[in-house]
Amino acid sequence: MLSRKGIIPEEYVLTRLAEDVPDHARYRARERRARFVGKNGACNVAHKNIREQGRFLQDVFTTLVDLKWPHTLLIFTMSFLCSWLLFGMVWWLIAFAHGDLDHGTRLQRTSATEVPDSFVPCVTSIHSFTSAFLFSIEVQVTIGFGGRMVTEECPAAILVLIVQNIVGLVINAIMLGCIFMKTSQAHRRAETLIFSKHAVIALRDGKLCFMLRVGDLRKSMIISATIRMQVVKKTSSLEGEVVPLNQIDIQMENPVGGNSIFLVSPLIIYHVIDKNSPLYDISPTNLHHHEDLEIIVILEGVVETTGITTQARTSYLADEILWGQRFVPIVAEEDGRYSVDYSKFGNTVKVPTPSCTARQLEEDQSIMDTVPFSPRSTIRKRSVKLKPKFTITDEPS
């Protein structure tokens, strides 16, 4: 792990990297409700009792790409071996039917001084199945013809030569394309799109806001990046229908407005908790691991270097939302450029926040008078030491 090697400090936890969890925390995590989306973006959904398995074979290429690497490499190897063995058997049958094997055996038994007869084989120097298999490999891999080559004696051999070349090209195109797609999948780029481990709820401009931090570790940008959030919870309709995973979109705000973001530096994305928000009745007492609440965050964009659309996902359960916390600033200006301190990416500080729901805060504005706001800013100013451009020294007399 990067954190174990010291490249990234321990307090900076990437949601897309495995983290060391203490034993007591591990046992506590088992008591939680099941996640719909994991911290690494994987969907925690198991598909069972699928009766129409043939639908996966109708899209063979996507099925091969979705397989795990050991299975893909096994199919890659077996596809070439099976084709070589199949056409090796065909070449052996052609040689057997034409009598090449018997004639080759007779030539091996005669002495070097005897003059061979005028027999022309279909494929020269095929004496057994092993030589036919080697000739099959030479035809399909285009290594080149040495002592074995096709003659004009058998038109069927020429036809098999053409068919094997076409089949070899199709196998190469499918398998190499599958390997290329697996190595250049979009989720690989999403490994460097990170989210804060915790989300926070605090006041911003006099309103309670749900906030999280997102960043990109690479210098190459994500073009047309958009971000959206959904609340997943169990609900029931007026008719008594129970929806176990009801997905509700929540309106979001970000520093550049709308859902589009310019992810050149880490941004704090926030959602204003108003009367249209599904978090309107959430209070600090609801933020525990038994609460049926999960907020899913989805970041989409186009990779600048490859042009492939990528998507990064994460989620926050109720106990992963910190009430009355605020993210610390991590962007500073140094030596004429902006620098980002990723060691403080997930760090938060306590800020005065009323311990009530957004509904109660909207109905009773006098609650704001009881919040002890600090007149001093929590942002520290960076002290800049100016180096003199010249020095004055006393000349020796």
# chains A, B, ... in the order shown; residues from 1 in each chain; ligands from 1
call {"tool": "residues_around", "arguments": {"residues": "stretch 81-90 of chain A", "least_positions_apart": "4", "cutoff": "6 Å", "atoms": "only C-alpha atoms", "output": "list in words"}}
result
Ala132, Phe133, Ser136 and Ile137 of chain A
call {"tool": "residues_around", "arguments": {"residues": "A:Phe210", "least_positions_apart": "5", "cutoff": "10 Å", "atoms": "only C-alpha atoms", "output": "list in words"}}
result
Ala199, Val200, Ile201, Ala202, Leu203, Arg204, Met252, Glu253, Ile269, Tyr270, His271, Val272, Ile273, Leu279, Ile321, Leu322 and Trp323 of chain A
call {"tool": "residues_around", "arguments": {"residues": "A:Gly206", "least_positions_apart": "5", "cutoff": "12 Å", "atoms": "only C-alpha atoms", "output": "count of residues only"}}
result
15
call {"tool": "select_by_dssp", "arguments": {"residues": "stretch 46-211 of chain A", "states": "alpha helix (DSSP H)", "output": "ChimeraX atom specification"}}
result
/A:54-57,60-66,69-98,100-109,129-141,155-183,186-189
call {"tool": "select_by_dssp", "arguments": {"residues": "stretch 85-314 of chain A", "states": "strand (DSSP E or B)", "output": "PyMOL selection string"}}
result
chain A and resi 123+150+193-195+199-204+207-216+222-236+242-250+253+260-261+267-272+294-303+309-314
call {"tool": "residues_around", "arguments": {"residues": "A:Lys234", "least_positions_apart": "5", "cutoff": "6 Å", "atoms": "only C-alpha atoms", "output": "number ranges by chain"}}
result
A: 243-246
call {"tool": "write_last_selection", "arguments": {"atoms": "N, CA, C and O atoms", "output": "mmCIF file, in the first residue's frame"}}
result
data_model
loop_
_atom_site.group_PDB
_atom_site.id
_atom_site.type_symbol
_atom_site.label_atom_id
_atom_site.label_comp_id
_atom_site.auth_asym_id
_atom_site.auth_seq_id
_atom_site.Cartn_x
_atom_site.Cartn_y
_atom_site.Cartn_z
ATOM 1 N N VAL A 243 -40.069 -0.258 -1.132
ATOM 2 C CA VAL A 243 -38.965 -0.130 -2.095
ATOM 3 C C VAL A 243 -37.671 -0.243 -1.298
ATOM 4 O O VAL A 243 -37.307 0.686 -0.577
ATOM 5 N N PRO A 244 -36.955 -1.372 -1.387
ATOM 6 C CA PRO A 244 -35.777 -1.549 -0.526
ATOM 7 C C PRO A 244 -34.628 -0.622 -0.877
ATOM 8 O O PRO A 244 -33.863 -0.231 0.007
ATOM 9 N N LEU A 245 -34.479 -0.269 -2.155
ATOM 10 C CA LEU A 245 -33.373 0.594 -2.578
ATOM 11 C C LEU A 245 -33.937 1.730 -3.419
ATOM 12 O O LEU A 245 -33.817 1.741 -4.653
ATOM 13 N N ASN A 246 -34.552 2.678 -2.764
ATOM 14 C CA ASN A 246 -35.109 3.822 -3.462
ATOM 15 C C ASN A 246 -34.014 4.869 -3.682
ATOM 16 O O ASN A 246 -33.375 5.326 -2.732
#
call {"tool": "closest_residue", "arguments": {"among": "A:Ala225, A:Ile330, A:Leu217, A:Ala190", "to": "A:Gln311", "atoms": "only C-alpha atoms"}}
result
A:Ala190
call {"tool": "closest_residue", "arguments": {"among": "A:Gln185, A:Gln230, A:Gln247, A:Thr314", "to": "A:Asn40", "atoms": "only C-alpha atoms"}}
result
A:Thr314
